[in-house]
Protein chains: 2
Amino acid sequence: MVQKHFTTELLSTLDKQYRTHLINSLGGFKSVALIGTISNSNVTNLAIFSSIFHIGAHPPLIAFILRPSPPERNTLNNILQTGCYTINHINESIYKQAHQTSARYDAEISEFDITGLKPEYKNVFLAPFVRESYIQFAVEFKEKIDLALNHTSMIIGEIKEIYAPENCISEDGFLDIEKANTVTCSGLDSYHKTIRLDRLSYAKPNKEISSLTINCID
Amino acid sequence: MVQKHFTTELLSTLDKQYRTHLINSLGGFKSVALIGTISNSNVTNLAIFSSIFHIGAHPPLIAFILRPSPPERNTLNNILQTGCYTINHINESIYKQAHQTSARYDAEISEFDITGLKPEYKNVFLAPFVRESYIQFAVEFKEKIDLALNHTSMIIGEIKEIYAPENCISEDGFLDIEKANTVTCSGLDSYHKTIRLDRLSYAKPNKEISSLTINCID
């Protein structure tokens, strides 16, 4: 394998779009999902986010990164207005519609109407879920942290309700998101389905080392 | 599809381990990688992290979440001591070794020795890369943000150098991490390889809607 080396100097001189693609690819496969919100004047909004990350299970917290630029501003405004939002997994049947929500629409236009994805209201939760999504959860806004380094913001919320396919929930609580057809993305625009390699047991220090090194590349 | 509904009340009464698995699965497929560090007394450390996320490309920033508990403490100590670390993608040949680094080893034990993964030093960067990893990059520590909500910390760093397989770099800068055999994980312990569905073009508001709705589930 021949590796290309991008030095600090080379990185700083790359074409802006080239660098955007390259750096966005580096983090690995991303947690991508649709965030559903509604404004105080009842206009729904749906936007794709690819920087969603687990913060903790006790309390159940999840976060995502918001750019300062237009596409996500409606999502933020709605979250600050209503204090709530939904997160909806993207499956193979809807990833094109999901991607299309990243286009810049005006605040009065709902991406539900644009893409044909259907809003679904459940259990008196204010924000709309995505009906075509198999794994959906309701989130209550907790905190917005502004990152001085590049003027993005981190939005942290608490998971309040979860809807997931019964046949994808294991006895130990593990949710088989591959079985639920959830997709992942890489870079800005590449979507992928997955094939499980294995579920591994909880790692303990005394594990036999020889059993680990079988697959080791030299 | 029959959905199970976890209400707020049900979530709060779940067994702790069950809830840990469930909540960890909700974020979707995760960006998982090995973080390599070295202490001031030259002991190397290698630890797997599954909450790595892109912050921005200009400047090139990447972050990850650190729990307050022991397994990651060595990583944090080393980063604060030396100001630098490496992030190394995990491929199908080394995911078992990578998972094993999550076991709790004492600070004087290097996970490189335990797992058989080999430290690699390049271009005078202080922290060790993982030789068996195909996509490696060097990161300079920028900021630690403590999250009051659950006492985790976010570590933000700037990407300084990148090593990636030449034949996985597209003309537009997109790095084909699937071709580079990078894996993803879900929950606490499930590892997956991927199959690309498509790379989609940049979404614009005027895109023909009918072309999107073909795959729409009703």
# chains A, B, ... in the order shown; residues from 1 in each chain; ligands from 1
$ closest_atom_pairs --of "segment 143-218 of chain B" --to "segment 170-179 of chain A" --cutoff "12 Å" --atoms "only C-alpha atoms" --output "CSV"
residue,atom,partner,partner_atom,distance
B:Thr184,CA,A:Glu178,CA,11.4
B:Cys185,CA,A:Glu178,CA,10.3
B:Ser186,CA,A:Ile177,CA,7.6
B:Gly187,CA,A:Phe174,CA,6.5
B:Leu188,CA,A:Phe174,CA,8.3
B:Asp189,CA,A:Phe174,CA,9.2
B:Ser190,CA,A:Asp176,CA,9.0
B:Tyr191,CA,A:Glu178,CA,10.5
B:His192,CA,A:Glu178,CA,8.8
B:Lys193,CA,A:Glu178,CA,10.9
B:Thr194,CA,A:Glu178,CA,10.5
$ select_by_dssp --residues "segment 10-137 of chain B" --states "strand (DSSP E or B)" --output "ChimeraX atom specification"
/B:30,33-38,44-49,52-57,60-66,84-89,91,119-120,129-130,136-137
$ closest_residue --among "B:Ala103, B:Leu126, B:Leu46, B:Leu66" --to "chain A" --atoms "only C-alpha atoms"
B:Ala103
$ interface_residues --of "chain A" --to "chain B" --cutoff "6 Å" --atoms "only C-alpha atoms" --output "mmCIF file with C-alpha atoms, in the first residue's frame"
data_model
loop_
_atom_site.group_PDB
_atom_site.id
_atom_site.type_symbol
_atom_site.label_atom_id
_atom_site.label_comp_id
_atom_site.auth_asym_id
_atom_site.auth_seq_id
_atom_site.Cartn_x
_atom_site.Cartn_y
_atom_site.Cartn_z
ATOM 1 C CA VAL A 2 1.433 3.357 -1.057
ATOM 2 C CA GLN A 3 0.446 6.111 1.382
ATOM 3 C CA LYS A 4 0.132 9.731 0.440
ATOM 4 C CA HIS A 5 1.458 12.106 3.098
ATOM 5 C CA PHE A 6 -0.354 15.416 3.532
ATOM 6 C CA THR A 7 2.003 17.617 5.536
ATOM 7 C CA THR A 8 0.772 20.592 7.577
ATOM 8 C CA TYR A 18 -10.768 19.444 -1.788
ATOM 9 C CA THR A 20 -13.573 19.979 2.862
ATOM 10 C CA HIS A 21 -14.011 16.533 1.292
ATOM 11 C CA LEU A 22 -10.746 15.182 2.676
ATOM 12 C CA ILE A 23 -11.206 16.361 6.266
ATOM 13 C CA SER A 25 -13.745 11.764 5.312
ATOM 14 C CA GLY A 27 -13.445 11.006 11.043
ATOM 15 C CA GLY A 28 -14.604 7.637 9.743
ATOM 16 C CA PHE A 29 -18.157 6.454 9.165
ATOM 17 C CA LYS A 30 -20.629 8.911 10.594
ATOM 18 C CA SER A 31 -23.803 8.758 12.629
ATOM 19 C CA SER A 51 -22.231 14.650 13.331
ATOM 20 C CA PHE A 53 -22.718 11.441 18.835
ATOM 21 C CA HIS A 54 -23.431 9.597 22.051
ATOM 22 C CA ALA A 57 -26.538 6.691 28.941
ATOM 23 C CA SER A 93 -35.234 3.437 1.137
ATOM 24 C CA GLN A 97 -34.720 12.109 0.313
ATOM 25 C CA GLN A 100 -32.004 16.352 -0.268
ATOM 26 C CA ALA A 103 -30.366 21.904 0.297
ATOM 27 C CA LYS A 160 -37.157 11.040 26.362
ATOM 28 C CA GLU A 161 -38.933 8.399 24.290
ATOM 29 C CA ILE A 162 -37.766 5.720 21.866
ATOM 30 C CA TYR A 163 -39.567 3.846 19.095
ATOM 31 C CA ALA A 164 -37.694 0.888 17.626
ATOM 32 C CA PRO A 165 -38.636 -2.348 15.807
ATOM 33 C CA GLU A 166 -39.390 -5.017 18.387
ATOM 34 C CA ASP A 172 -29.339 -7.223 26.663
ATOM 35 C CA GLY A 173 -30.755 -3.966 25.269
ATOM 36 C CA PHE A 174 -28.526 -3.849 22.191
ATOM 37 C CA LEU A 175 -30.507 -2.459 19.283
ATOM 38 C CA THR A 184 -24.146 5.329 7.641
ATOM 39 C CA ASP A 189 -22.134 12.620 0.338
ATOM 40 C CA SER A 190 -21.345 8.904 0.445
ATOM 41 C CA TYR A 191 -23.966 6.541 1.895
ATOM 42 C CA HIS A 192 -23.328 2.959 2.971
ATOM 43 C CA LYS A 193 -25.155 -0.050 4.301
ATOM 44 C CA THR A 194 -23.334 -2.427 6.608
ATOM 45 C CA ILE A 195 -22.413 -6.066 7.142
ATOM 46 C CA ARG A 196 -21.786 -7.168 10.714
ATOM 47 C CA LEU A 197 -18.383 -8.649 11.397
ATOM 48 C CA ASP A 198 -19.085 -9.623 14.995
ATOM 49 C CA ARG A 199 -20.303 -8.560 18.398
ATOM 50 C CA LEU A 200 -17.348 -8.832 20.753
ATOM 51 C CA ALA A 203 -12.842 -6.553 27.016
ATOM 52 C CA LYS A 204 -10.973 -7.633 30.148
ATOM 53 C CA PRO A 205 -7.258 -7.217 30.843
ATOM 54 C CA LEU A 212 -5.958 -11.692 19.363
ATOM 55 C CA ASN A 215 -5.404 -11.631 12.267
#
$ atom_distance --atom1 "atom CA of Leu34 of chain A" --atom2 "atom CA of Pro128 of chain A"
10.8 Å
